[in-house]
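Written below as structure tokens is the structure these notes are about.
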Amino acid sequence: MNSRIKTNKVNACIVVLARNNELYQLKSSMRQFEERWNKKFNYPYVFLNDVEFSEAFINQTSSITQSETKYAVIPKEMWSYPSWINQTKAAENRKKAEQDHVIYGGSESYRHMCRFNSGFFFRHPALLDYDYYWRLEPSVEFMCDIDYDPFLFMKKNDLYYGFTISLYEFEDTIPTLWNTTKKFMKEYPHYINDDNSLKWVTNDENNYNLCHFWSNFEIANLNFWRSEQYIKYFEYLDKEGGFFYERWGDAPVHSLGLALFVNKSKIHFFNDISYSHPPYQHCPIDKEFHESGRCHCNPNKSFDTDWYSCTEKWWAL
């Protein structure tokens, strides 16, 4: 490997939260991720699961990359009900959400996953030594060559968060999230950044407009999530019980936390990273990306200017 890349390497990793039965979907993601980028930079992978990984999962994922691979189980306290949650009420609410056709409304494990990604992944023992991460998921595609190190770009420019797709949340998954957030803002006004991006997540009536960064793709600074203000915000939300009584997702929670606490100039849109997570994709529209042979995505199908995308609102900030 190029010695310059070794010298400039950032203290970062690829984070993969996956189940054993997602092996083949993940192998597909990893093959593209390696070919398009990581084989040039060899950043380590950290695989997380709430149960032990199978021997097949470990052998087959580690065979796809020359990078170091680590496999860790999520501690029970990070993937279970806190003491203040009424589990009978939670089960009743799941049943009603399923009857009302709320997406993932009946899933208990999905709620544990959203809570883990909202408040715990960055505190997992396997991640404590890292400063930056790139979140990788099963069944995603990377459709353009990436010839530079986004981690180094983040570090040099003191950026906290990078995204490729933003969109509106399903309102029936988060009915009380915004009111809870407003209560937090009232109690902790000193945490709100003066140059925040609350305008991006609110409408003219100062209510949540449902915009959020799609968190299945994230390149970010782990130390932001570990910050006093974000931990306070997560703990405040957690006490309200909305991760279990409703179906609060980590994407709106991350996005509201960023909108509150981060100078908007510290959030970066990775236009040059083409990414697909069905049913949406981001594809750069600049001709040079396609005429140079770097990309195989169709720019006419990029989600950025779709009515359901919030990215044009972000550009307008």
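Residues in the structure tokens are named by chain (A, B, ... in the order shown) and by number from 1 within that chain; ligands are numbered from 1 in the order shown.
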
Alpha helix (DSSP H) call set, DSSP backbone run, range 52-269 of chain A, as a PDB file with N, CA and C atoms, in the first residue's frame:
```pdb
ATOM      1  N   GLU A  55     -19.414 -18.715  12.641  1.00  0.00           N
ATOM      2  CA  GLU A  55     -18.108 -18.958  12.031  1.00  0.00           C
ATOM      3  C   GLU A  55     -18.145 -18.624  10.536  1.00  0.00           C
ATOM      4  N   ALA A  56     -19.273 -18.954   9.881  1.00  0.00           N
ATOM      5  CA  ALA A  56     -19.407 -18.662   8.448  1.00  0.00           C
ATOM      6  C   ALA A  56     -19.379 -17.158   8.201  1.00  0.00           C
ATOM      7  N   PHE A  57     -20.062 -16.410   9.046  1.00  0.00           N
ATOM      8  CA  PHE A  57     -20.102 -14.944   8.898  1.00  0.00           C
ATOM      9  C   PHE A  57     -18.690 -14.377   9.029  1.00  0.00           C
ATOM     10  N   ILE A  58     -17.975 -14.805  10.057  1.00  0.00           N
ATOM     11  CA  ILE A  58     -16.624 -14.289  10.303  1.00  0.00           C
ATOM     12  C   ILE A  58     -15.681 -14.670   9.161  1.00  0.00           C
ATOM     13  N   ASN A  59     -15.706 -15.912   8.765  1.00  0.00           N
ATOM     14  CA  ASN A  59     -14.791 -16.376   7.710  1.00  0.00           C
ATOM     15  C   ASN A  59     -15.058 -15.680   6.373  1.00  0.00           C
ATOM     16  N   GLN A  60     -16.330 -15.566   6.026  1.00  0.00           N
ATOM     17  CA  GLN A  60     -16.649 -15.033   4.703  1.00  0.00           C
ATOM     18  C   GLN A  60     -16.500 -13.515   4.614  1.00  0.00           C
ATOM     19  N   THR A  61     -16.818 -12.795   5.668  1.00  0.00           N
ATOM     20  CA  THR A  61     -16.631 -11.337   5.618  1.00  0.00           C
ATOM     21  C   THR A  61     -15.146 -10.983   5.686  1.00  0.00           C
ATOM     22  N   SER A  62     -14.391 -11.689   6.489  1.00  0.00           N
ATOM     23  CA  SER A  62     -12.956 -11.372   6.593  1.00  0.00           C
ATOM     24  C   SER A  62     -12.206 -11.716   5.309  1.00  0.00           C
ATOM     25  N   GLN A  87     -42.991  -2.685  30.023  1.00  0.00           N
ATOM     26  CA  GLN A  87     -42.920  -3.567  28.861  1.00  0.00           C
ATOM     27  C   GLN A  87     -44.301  -4.029  28.373  1.00  0.00           C
ATOM     28  N   THR A  88     -45.272  -4.076  29.278  1.00  0.00           N
ATOM     29  CA  THR A  88     -46.647  -4.411  28.865  1.00  0.00           C
ATOM     30  C   THR A  88     -47.195  -3.321  27.957  1.00  0.00           C
ATOM     31  N   LYS A  89     -46.995  -2.068  28.388  1.00  0.00           N
ATOM     32  CA  LYS A  89     -47.425  -0.927  27.570  1.00  0.00           C
ATOM     33  C   LYS A  89     -46.689  -0.925  26.226  1.00  0.00           C
ATOM     34  N   ALA A  90     -45.398  -1.215  26.256  1.00  0.00           N
ATOM     35  CA  ALA A  90     -44.600  -1.235  25.022  1.00  0.00           C
ATOM     36  C   ALA A  90     -45.141  -2.288  24.047  1.00  0.00           C
ATOM     37  N   ALA A  91     -45.478  -3.467  24.571  1.00  0.00           N
ATOM     38  CA  ALA A  91     -46.006  -4.550  23.726  1.00  0.00           C
ATOM     39  C   ALA A  91     -47.368  -4.172  23.141  1.00  0.00           C
ATOM     40  N   GLU A  92     -48.209  -3.544  23.950  1.00  0.00           N
ATOM     41  CA  GLU A  92     -49.526  -3.105  23.468  1.00  0.00           C
ATOM     42  C   GLU A  92     -49.372  -2.064  22.357  1.00  0.00           C
ATOM     43  N   ASN A  93     -48.427  -1.149  22.556  1.00  0.00           N
ATOM     44  CA  ASN A  93     -48.209  -0.101  21.559  1.00  0.00           C
ATOM     45  C   ASN A  93     -47.635  -0.670  20.255  1.00  0.00           C
ATOM     46  N   ARG A  94     -46.788  -1.702  20.369  1.00  0.00           N
ATOM     47  CA  ARG A  94     -46.265  -2.367  19.164  1.00  0.00           C
ATOM     48  C   ARG A  94     -47.404  -3.009  18.376  1.00  0.00           C
ATOM     49  N   LYS A  95     -48.293  -3.654  19.107  1.00  0.00           N
ATOM     50  CA  LYS A  95     -49.416  -4.333  18.459  1.00  0.00           C
ATOM     51  C   LYS A  95     -50.300  -3.323  17.724  1.00  0.00           C
ATOM     52  N   LYS A  96     -50.568  -2.192  18.380  1.00  0.00           N
ATOM     53  CA  LYS A  96     -51.398  -1.157  17.753  1.00  0.00           C
ATOM     54  C   LYS A  96     -50.687  -0.563  16.533  1.00  0.00           C
ATOM     55  N   ALA A  97     -49.371  -0.328  16.666  1.00  0.00           N
ATOM     56  CA  ALA A  97     -48.612   0.233  15.544  1.00  0.00           C
ATOM     57  C   ALA A  97     -48.641  -0.699  14.338  1.00  0.00           C
ATOM     58  N   GLU A  98     -48.584  -2.002  14.617  1.00  0.00           N
ATOM     59  CA  GLU A  98     -48.653  -2.986  13.532  1.00  0.00           C
ATOM     60  C   GLU A  98     -50.027  -2.953  12.864  1.00  0.00           C
ATOM     61  N   GLN A  99     -51.056  -2.855  13.679  1.00  0.00           N
ATOM     62  CA  GLN A  99     -52.427  -2.786  13.149  1.00  0.00           C
ATOM     63  C   GLN A  99     -52.623  -1.521  12.306  1.00  0.00           C
ATOM     64  N   GLU A 108     -39.944  -5.560  17.800  1.00  0.00           N
ATOM     65  CA  GLU A 108     -39.244  -5.249  19.057  1.00  0.00           C
ATOM     66  C   GLU A 108     -37.753  -5.034  18.797  1.00  0.00           C
ATOM     67  N   SER A 109     -37.139  -5.903  17.973  1.00  0.00           N
ATOM     68  CA  SER A 109     -35.696  -5.806  17.726  1.00  0.00           C
ATOM     69  C   SER A 109     -35.345  -4.511  17.000  1.00  0.00           C
ATOM     70  N   TYR A 110     -36.243  -4.040  16.124  1.00  0.00           N
ATOM     71  CA  TYR A 110     -35.978  -2.791  15.409  1.00  0.00           C
ATOM     72  C   TYR A 110     -35.870  -1.627  16.396  1.00  0.00           C
ATOM     73  N   ARG A 111     -36.692  -1.657  17.421  1.00  0.00           N
ATOM     74  CA  ARG A 111     -36.643  -0.601  18.436  1.00  0.00           C
ATOM     75  C   ARG A 111     -35.338  -0.655  19.221  1.00  0.00           C
ATOM     76  N   HIS A 112     -34.897  -1.845  19.579  1.00  0.00           N
ATOM     77  CA  HIS A 112     -33.600  -1.957  20.269  1.00  0.00           C
ATOM     78  C   HIS A 112     -32.475  -1.446  19.371  1.00  0.00           C
ATOM     79  N   MET A 113     -32.570  -1.748  18.078  1.00  0.00           N
ATOM     80  CA  MET A 113     -31.544  -1.291  17.141  1.00  0.00           C
ATOM     81  C   MET A 113     -31.520   0.235  17.051  1.00  0.00           C
ATOM     82  N   CYS A 114     -32.703   0.858  16.949  1.00  0.00           N
ATOM     83  CA  CYS A 114     -32.762   2.322  16.858  1.00  0.00           C
ATOM     84  C   CYS A 114     -32.219   2.979  18.125  1.00  0.00           C
ATOM     85  N   ARG A 115     -32.543   2.402  19.269  1.00  0.00           N
ATOM     86  CA  ARG A 115     -32.031   2.970  20.523  1.00  0.00           C
ATOM     87  C   ARG A 115     -30.527   2.786  20.627  1.00  0.00           C
ATOM     88  N   PHE A 116     -30.026   1.618  20.212  1.00  0.00           N
ATOM     89  CA  PHE A 116     -28.591   1.362  20.243  1.00  0.00           C
ATOM     90  C   PHE A 116     -27.848   2.347  19.341  1.00  0.00           C
ATOM     91  N   ASN A 117     -28.349   2.538  18.120  1.00  0.00           N
ATOM     92  CA  ASN A 117     -27.697   3.467  17.196  1.00  0.00           C
ATOM     93  C   ASN A 117     -27.822   4.917  17.650  1.00  0.00           C
ATOM     94  N   SER A 118     -28.877   5.227  18.384  1.00  0.00           N
ATOM     95  CA  SER A 118     -29.065   6.597  18.868  1.00  0.00           C
ATOM     96  C   SER A 118     -28.145   6.933  20.035  1.00  0.00           C
ATOM     97  N   GLY A 119     -27.942   5.982  20.926  1.00  0.00           N
ATOM     98  CA  GLY A 119     -27.259   6.359  22.163  1.00  0.00           C
ATOM     99  C   GLY A 119     -26.123   5.492  22.641  1.00  0.00           C
ATOM    100  N   PRO A 150     -12.108  10.128   2.781  1.00  0.00           N
ATOM    101  CA  PRO A 150     -13.096  11.003   3.415  1.00  0.00           C
ATOM    102  C   PRO A 150     -12.827  11.249   4.902  1.00  0.00           C
ATOM    103  N   PHE A 151     -12.204  10.267   5.568  1.00  0.00           N
ATOM    104  CA  PHE A 151     -11.856  10.481   6.974  1.00  0.00           C
ATOM    105  C   PHE A 151     -10.848  11.615   7.121  1.00  0.00           C
ATOM    106  N   LEU A 152      -9.845  11.616   6.264  1.00  0.00           N
ATOM    107  CA  LEU A 152      -8.836  12.665   6.295  1.00  0.00           C
ATOM    108  C   LEU A 152      -9.468  14.008   5.942  1.00  0.00           C
ATOM    109  N   PHE A 153     -10.383  13.992   4.978  1.00  0.00           N
ATOM    110  CA  PHE A 153     -11.117  15.208   4.606  1.00  0.00           C
ATOM    111  C   PHE A 153     -11.899  15.742   5.806  1.00  0.00           C
ATOM    112  N   MET A 154     -12.584  14.849   6.521  1.00  0.00           N
ATOM    113  CA  MET A 154     -13.348  15.251   7.712  1.00  0.00           C
ATOM    114  C   MET A 154     -12.422  15.857   8.766  1.00  0.00           C
ATOM    115  N   LYS A 155     -11.310  15.180   9.011  1.00  0.00           N
ATOM    116  CA  LYS A 155     -10.386  15.636  10.057  1.00  0.00           C
ATOM    117  C   LYS A 155      -9.758  16.984   9.697  1.00  0.00           C
ATOM    118  N   LYS A 156      -9.256  17.122   8.458  1.00  0.00           N
ATOM    119  CA  LYS A 156      -8.583  18.364   8.040  1.00  0.00           C
ATOM    120  C   LYS A 156      -9.528  19.564   8.074  1.00  0.00           C
ATOM    121  N   LEU A 177     -41.784  13.075  19.434  1.00  0.00           N
ATOM    122  CA  LEU A 177     -40.341  13.360  19.462  1.00  0.00           C
ATOM    123  C   LEU A 177     -40.053  14.860  19.474  1.00  0.00           C
ATOM    124  N   TRP A 178     -40.769  15.619  18.658  1.00  0.00           N
ATOM    125  CA  TRP A 178     -40.474  17.053  18.581  1.00  0.00           C
ATOM    126  C   TRP A 178     -40.866  17.782  19.858  1.00  0.00           C
ATOM    127  N   ASN A 179     -42.013  17.442  20.434  1.00  0.00           N
ATOM    128  CA  ASN A 179     -42.406  18.081  21.699  1.00  0.00           C
ATOM    129  C   ASN A 179     -41.402  17.774  22.800  1.00  0.00           C
ATOM    130  N   THR A 180     -40.904  16.547  22.807  1.00  0.00           N
ATOM    131  CA  THR A 180     -39.872  16.180  23.788  1.00  0.00           C
ATOM    132  C   THR A 180     -38.600  16.983  23.545  1.00  0.00           C
ATOM    133  N   THR A 181     -38.244  17.153  22.278  1.00  0.00           N
ATOM    134  CA  THR A 181     -37.055  17.937  21.927  1.00  0.00           C
ATOM    135  C   THR A 181     -37.230  19.393  22.333  1.00  0.00           C
ATOM    136  N   LYS A 182     -38.417  19.937  22.138  1.00  0.00           N
ATOM    137  CA  LYS A 182     -38.668  21.340  22.534  1.00  0.00           C
ATOM    138  C   LYS A 182     -38.549  21.512  24.051  1.00  0.00           C
ATOM    139  N   LYS A 183     -39.030  20.513  24.795  1.00  0.00           N
ATOM    140  CA  LYS A 183     -38.881  20.576  26.260  1.00  0.00           C
ATOM    141  C   LYS A 183     -37.406  20.566  26.648  1.00  0.00           C
ATOM    142  N   PHE A 184     -36.633  19.724  25.958  1.00  0.00           N
ATOM    143  CA  PHE A 184     -35.193  19.681  26.216  1.00  0.00           C
ATOM    144  C   PHE A 184     -34.561  21.040  25.928  1.00  0.00           C
ATOM    145  N   MET A 185     -34.905  21.652  24.815  1.00  0.00           N
ATOM    146  CA  MET A 185     -34.343  22.952  24.438  1.00  0.00           C
ATOM    147  C   MET A 185     -34.667  24.020  25.481  1.00  0.00           C
ATOM    148  N   LYS A 186     -35.849  23.927  26.031  1.00  0.00           N
ATOM    149  CA  LYS A 186     -36.264  24.905  27.050  1.00  0.00           C
ATOM    150  C   LYS A 186     -35.469  24.713  28.341  1.00  0.00           C
ATOM    151  N   GLU A 187     -35.191  23.462  28.684  1.00  0.00           N
ATOM    152  CA  GLU A 187     -34.467  23.170  29.924  1.00  0.00           C
ATOM    153  C   GLU A 187     -32.961  23.352  29.789  1.00  0.00           C
ATOM    154  N   LEU A 198     -31.390  24.487  12.876  1.00  0.00           N
ATOM    155  CA  LEU A 198     -32.790  24.230  13.232  1.00  0.00           C
ATOM    156  C   LEU A 198     -33.739  24.666  12.120  1.00  0.00           C
ATOM    157  N   LYS A 199     -33.324  25.659  11.339  1.00  0.00           N
ATOM    158  CA  LYS A 199     -34.161  26.121  10.228  1.00  0.00           C
ATOM    159  C   LYS A 199     -34.409  24.985   9.223  1.00  0.00           C
ATOM    160  N   TRP A 200     -33.440  24.072   9.124  1.00  0.00           N
ATOM    161  CA  TRP A 200     -33.583  22.960   8.177  1.00  0.00           C
ATOM    162  C   TRP A 200     -34.630  21.946   8.636  1.00  0.00           C
ATOM    163  N   VAL A 201     -34.809  21.813   9.941  1.00  0.00           N
ATOM    164  CA  VAL A 201     -35.720  20.781  10.465  1.00  0.00           C
ATOM    165  C   VAL A 201     -37.057  21.342  10.943  1.00  0.00           C
ATOM    166  N   LEU A 222     -16.976  10.393  15.990  1.00  0.00           N
ATOM    167  CA  LEU A 222     -17.554   9.698  17.149  1.00  0.00           C
ATOM    168  C   LEU A 222     -17.598  10.580  18.388  1.00  0.00           C
ATOM    169  N   ASN A 223     -16.670  11.518  18.477  1.00  0.00           N
ATOM    170  CA  ASN A 223     -16.594  12.342  19.684  1.00  0.00           C
ATOM    171  C   ASN A 223     -17.739  13.345  19.780  1.00  0.00           C
ATOM    172  N   PHE A 224     -18.411  13.618  18.655  1.00  0.00           N
ATOM    173  CA  PHE A 224     -19.616  14.448  18.778  1.00  0.00           C
ATOM    174  C   PHE A 224     -20.693  13.691  19.540  1.00  0.00           C
ATOM    175  N   TRP A 225     -20.925  12.419  19.172  1.00  0.00           N
ATOM    176  CA  TRP A 225     -21.951  11.641  19.880  1.00  0.00           C
ATOM    177  C   TRP A 225     -21.581  11.460  21.351  1.00  0.00           C
ATOM    178  N   GLU A 228     -21.026  16.032  25.827  1.00  0.00           N
ATOM    179  CA  GLU A 228     -21.947  16.231  26.954  1.00  0.00           C
ATOM    180  C   GLU A 228     -23.350  16.570  26.466  1.00  0.00           C
ATOM    181  N   GLN A 229     -23.456  17.473  25.490  1.00  0.00           N
ATOM    182  CA  GLN A 229     -24.778  17.918  25.061  1.00  0.00           C
ATOM    183  C   GLN A 229     -25.558  16.805  24.356  1.00  0.00           C
ATOM    184  N   TYR A 230     -24.876  16.015  23.515  1.00  0.00           N
ATOM    185  CA  TYR A 230     -25.610  14.950  22.833  1.00  0.00           C
ATOM    186  C   TYR A 230     -26.017  13.847  23.804  1.00  0.00           C
ATOM    187  N   ILE A 231     -25.113  13.470  24.713  1.00  0.00           N
ATOM    188  CA  ILE A 231     -25.454  12.436  25.714  1.00  0.00           C
ATOM    189  C   ILE A 231     -26.643  12.897  26.556  1.00  0.00           C
ATOM    190  N   LYS A 232     -26.643  14.165  26.958  1.00  0.00           N
ATOM    191  CA  LYS A 232     -27.770  14.706  27.744  1.00  0.00           C
ATOM    192  C   LYS A 232     -29.068  14.602  26.938  1.00  0.00           C
ATOM    193  N   TYR A 233     -28.981  14.935  25.653  1.00  0.00           N
ATOM    194  CA  TYR A 233     -30.160  14.891  24.794  1.00  0.00           C
ATOM    195  C   TYR A 233     -30.662  13.457  24.662  1.00  0.00           C
ATOM    196  N   PHE A 234     -29.755  12.523  24.384  1.00  0.00           N
ATOM    197  CA  PHE A 234     -30.178  11.129  24.264  1.00  0.00           C
ATOM    198  C   PHE A 234     -30.813  10.632  25.559  1.00  0.00           C
ATOM    199  N   GLU A 235     -30.197  10.911  26.688  1.00  0.00           N
ATOM    200  CA  GLU A 235     -30.728  10.436  27.973  1.00  0.00           C
ATOM    201  C   GLU A 235     -32.101  11.034  28.258  1.00  0.00           C
ATOM    202  N   TYR A 236     -32.279  12.287  27.871  1.00  0.00           N
ATOM    203  CA  TYR A 236     -33.578  12.952  28.037  1.00  0.00           C
ATOM    204  C   TYR A 236     -34.642  12.237  27.205  1.00  0.00           C
ATOM    205  N   LEU A 237     -34.305  11.947  25.947  1.00  0.00           N
ATOM    206  CA  LEU A 237     -35.238  11.218  25.083  1.00  0.00           C
ATOM    207  C   LEU A 237     -35.518   9.823  25.638  1.00  0.00           C
ATOM    208  N   ASP A 238     -34.466   9.154  26.087  1.00  0.00           N
ATOM    209  CA  ASP A 238     -34.585   7.776  26.556  1.00  0.00           C
ATOM    210  C   ASP A 238     -35.548   7.680  27.736  1.00  0.00           C
ATOM    211  N   LYS A 239     -35.484   8.662  28.629  1.00  0.00           N
ATOM    212  CA  LYS A 239     -36.367   8.672  29.805  1.00  0.00           C
ATOM    213  C   LYS A 239     -37.833   8.818  29.413  1.00  0.00           C
ATOM    214  N   GLU A 240     -38.084   9.460  28.274  1.00  0.00           N
ATOM    215  CA  GLU A 240     -39.463   9.650  27.809  1.00  0.00           C
ATOM    216  C   GLU A 240     -40.077   8.341  27.298  1.00  0.00           C
ATOM    217  N   GLY A 242     -39.920   6.970  24.230  1.00  0.00           N
ATOM    218  CA  GLY A 242     -40.404   6.945  22.854  1.00  0.00           C
ATOM    219  C   GLY A 242     -39.733   5.926  21.945  1.00  0.00           C
ATOM    220  N   PHE A 243     -38.556   5.456  22.345  1.00  0.00           N
ATOM    221  CA  PHE A 243     -37.914   4.401  21.537  1.00  0.00           C
ATOM    222  C   PHE A 243     -38.741   3.120  21.583  1.00  0.00           C
ATOM    223  N   PHE A 244     -39.485   2.933  22.673  1.00  0.00           N
ATOM    224  CA  PHE A 244     -40.269   1.701  22.842  1.00  0.00           C
ATOM    225  C   PHE A 244     -41.779   1.922  22.746  1.00  0.00           C
ATOM    226  N   TYR A 245     -42.272   3.034  23.289  1.00  0.00           N
ATOM    227  CA  TYR A 245     -43.710   3.290  23.250  1.00  0.00           C
ATOM    228  C   TYR A 245     -44.158   3.780  21.871  1.00  0.00           C
ATOM    229  N   ASP A 250     -33.178   6.184  14.797  1.00  0.00           N
ATOM    230  CA  ASP A 250     -31.905   6.873  15.055  1.00  0.00           C
ATOM    231  C   ASP A 250     -31.657   7.989  14.051  1.00  0.00           C
ATOM    232  N   ALA A 251     -32.259   7.904  12.857  1.00  0.00           N
ATOM    233  CA  ALA A 251     -32.025   8.951  11.843  1.00  0.00           C
ATOM    234  C   ALA A 251     -32.582  10.310  12.293  1.00  0.00           C
ATOM    235  N   PRO A 252     -33.862  10.419  12.690  1.00  0.00           N
ATOM    236  CA  PRO A 252     -34.334  11.718  13.181  1.00  0.00           C
ATOM    237  C   PRO A 252     -33.661  12.143  14.483  1.00  0.00           C
ATOM    238  N   VAL A 253     -33.325  11.190  15.349  1.00  0.00           N
ATOM    239  CA  VAL A 253     -32.648  11.542  16.606  1.00  0.00           C
ATOM    240  C   VAL A 253     -31.262  12.116  16.316  1.00  0.00           C
ATOM    241  N   HIS A 254     -30.488  11.437  15.467  1.00  0.00           N
ATOM    242  CA  HIS A 254     -29.180  11.969  15.074  1.00  0.00           C
ATOM    243  C   HIS A 254     -29.337  13.350  14.438  1.00  0.00           C
ATOM    244  N   SER A 255     -30.298  13.471  13.543  1.00  0.00           N
ATOM    245  CA  SER A 255     -30.457  14.706  12.778  1.00  0.00           C
ATOM    246  C   SER A 255     -30.864  15.878  13.663  1.00  0.00           C
ATOM    247  N   LEU A 256     -31.771  15.635  14.598  1.00  0.00           N
ATOM    248  CA  LEU A 256     -32.169  16.705  15.518  1.00  0.00           C
ATOM    249  C   LEU A 256     -31.012  17.082  16.442  1.00  0.00           C
ATOM    250  N   GLY A 257     -30.253  16.087  16.885  1.00  0.00           N
ATOM    251  CA  GLY A 257     -29.081  16.382  17.706  1.00  0.00           C
ATOM    252  C   GLY A 257     -28.078  17.246  16.961  1.00  0.00           C
ATOM    253  N   LEU A 258     -27.825  16.907  15.700  1.00  0.00           N
ATOM    254  CA  LEU A 258     -26.911  17.696  14.873  1.00  0.00           C
ATOM    255  C   LEU A 258     -27.462  19.097  14.646  1.00  0.00           C
ATOM    256  N   ALA A 259     -28.765  19.190  14.366  1.00  0.00           N
ATOM    257  CA  ALA A 259     -29.385  20.494  14.108  1.00  0.00           C
ATOM    258  C   ALA A 259     -29.295  21.410  15.327  1.00  0.00           C
ATOM    259  N   LEU A 260     -29.372  20.822  16.513  1.00  0.00           N
ATOM    260  CA  LEU A 260     -29.330  21.598  17.750  1.00  0.00           C
ATOM    261  C   LEU A 260     -27.923  22.045  18.138  1.00  0.00           C
ATOM    262  N   PHE A 261     -26.975  21.114  18.062  1.00  0.00           N
ATOM    263  CA  PHE A 261     -25.706  21.315  18.755  1.00  0.00           C
ATOM    264  C   PHE A 261     -24.512  21.642  17.865  1.00  0.00           C
TER     265      PHE A 261
END
```

Residues at most 8 Å from Arg36 in chain A, counting only C-alpha atoms, excluding those fewer than 5 positions away in the same chain, as JSON, numbers by chain? {"A": [142, 143, 144, 145, 146]}

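Backbone DSSP of range 271-302 of chain A yields strand (DSSP E or B) at Tyr275, Ser276, His277, Tyr280, Gln281, His282 and Cys295 of chain A.
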
Could the residues in this selection be written to a file with all heavy atoms, as a CSV table (one decimal), in the first residue's frame?
```csv
chain,number,residue,atom,x,y,z
A,275,TYR,N,-24.3,6.6,-3.7
A,275,TYR,CA,-24.7,5.7,-2.7
A,275,TYR,C,-26.2,5.3,-3.0
A,275,TYR,O,-27.0,6.1,-3.3
A,275,TYR,CB,-24.6,6.3,-1.3
A,275,TYR,CG,-25.1,5.4,-0.2
A,275,TYR,CD1,-24.5,4.3,0.3
A,275,TYR,CD2,-26.4,5.8,0.4
A,275,TYR,CE1,-25.0,3.6,1.4
A,275,TYR,CE2,-26.9,5.1,1.4
A,275,TYR,CZ,-26.2,4.0,1.9
A,275,TYR,OH,-26.7,3.2,3.0
A,276,SER,N,-26.5,4.0,-2.9
A,276,SER,CA,-27.8,3.5,-3.0
A,276,SER,C,-28.2,2.6,-1.9
A,276,SER,O,-27.5,1.7,-1.5
A,276,SER,CB,-28.0,2.7,-4.3
A,276,SER,OG,-29.2,2.1,-4.4
A,277,HIS,N,-29.3,2.9,-1.3
A,277,HIS,CA,-30.0,2.1,-0.3
A,277,HIS,C,-31.4,2.0,-0.7
A,277,HIS,O,-32.2,3.0,-0.6
A,277,HIS,CB,-29.9,2.7,1.1
A,277,HIS,CG,-30.5,1.8,2.2
A,277,HIS,ND1,-31.8,1.6,2.3
A,277,HIS,CD2,-29.9,1.2,3.3
A,277,HIS,CE1,-32.0,0.8,3.4
A,277,HIS,NE2,-30.9,0.6,4.0
A,280,TYR,N,-33.8,4.5,-2.6
A,280,TYR,CA,-33.3,5.8,-3.0
A,280,TYR,C,-31.8,5.7,-3.3
A,280,TYR,O,-31.1,4.8,-2.7
A,280,TYR,CB,-33.6,6.8,-1.9
A,280,TYR,CG,-35.0,6.9,-1.5
A,280,TYR,CD1,-35.4,6.7,-0.2
A,280,TYR,CD2,-36.0,7.2,-2.5
A,280,TYR,CE1,-36.8,6.9,0.1
A,280,TYR,CE2,-37.3,7.3,-2.2
A,280,TYR,CZ,-37.7,7.1,-0.9
A,280,TYR,OH,-39.0,7.2,-0.5
A,281,GLN,N,-31.4,6.6,-4.2
A,281,GLN,CA,-29.9,6.7,-4.4
A,281,GLN,C,-29.5,8.1,-4.6
A,281,GLN,O,-30.3,9.0,-5.0
A,281,GLN,CB,-29.6,5.9,-5.7
A,281,GLN,CG,-30.0,6.5,-7.0
A,281,GLN,CD,-29.4,5.8,-8.2
A,281,GLN,OE1,-28.9,4.8,-8.2
A,281,GLN,NE2,-29.4,6.6,-9.3
A,282,HIS,N,-28.3,8.4,-4.3
A,282,HIS,CA,-27.6,9.7,-4.6
A,282,HIS,C,-26.6,9.4,-5.7
A,282,HIS,O,-25.8,8.5,-5.6
A,282,HIS,CB,-26.9,10.3,-3.4
A,282,HIS,CG,-26.0,11.4,-3.9
A,282,HIS,ND1,-26.4,12.5,-4.5
A,282,HIS,CD2,-24.6,11.4,-3.9
A,282,HIS,CE1,-25.3,13.3,-4.8
A,282,HIS,NE2,-24.2,12.6,-4.4
A,295,CYS,N,-18.1,6.5,-12.5
A,295,CYS,CA,-19.4,6.1,-12.0
A,295,CYS,C,-20.2,5.2,-12.9
A,295,CYS,O,-20.1,5.2,-14.1
A,295,CYS,CB,-20.3,7.4,-11.7
A,295,CYS,SG,-19.6,8.5,-10.6
```

So how far away is CA of Asp194 in chain A from CA of His212 in chain A, in Å? 20.0 Å

Shell around Arg31 in chain A at 12 Å using only C-alpha atoms, local window under 2 positions removed, as an NGL selection string: :A and (24-29 or 33-39 or 60-66 or 136 or 138-143)

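The space between CA of Asn196 in chain A and CA of Val262 in chain A spans 5.8 Å.
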
Using only C-alpha atoms, which residues sit within 9 Å of range 304-311 of chain A once same-chain residues fewer than 3 positions away are excluded, as number ranges by chain? A: 164-168, 200, 211-213, 269, 281-283, 301, 314-316

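Summary of the local environment: counting only C-alpha atoms, residues at most 8 Å from Gly162 in chain A, other than itself and those fewer than 6 positions away along its chain, are Glu218, Ile219, Ala220, Ile267, His268, Phe269 and Phe270 of chain A.
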
Using only C-alpha atoms, please write the residues we just selected to a file, as a compact mmCIF listing (two decimals), in the first residue's frame.
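Wrote it out as selection01.txt, contents follow:
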```
# COMPACT_ATOMS: atom_id res chain seq x y z
CA GLU A 218 -22.88 8.21 7.87
CA ILE A 219 -19.27 9.36 7.99
CA ALA A 220 -18.89 11.14 11.28
CA ILE A 267 -22.02 19.11 8.36
CA HIS A 268 -20.97 18.02 4.87
CA PHE A 269 -22.91 16.71 1.87
CA PHE A 270 -20.74 14.08 0.14
```

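For range 74-82 of chain A, the residues within 6 Å (counting only C-alpha atoms, excluding itself and residues fewer than 2 positions away along the chain) are Asn49, Asp50, Trp84, Ile85 and His112 of chain A.
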
What separation in Å, quoted to one decimal, exists between CA of Tyr104 in chain A and CA of Trp134 in chain A? 24.6 Å
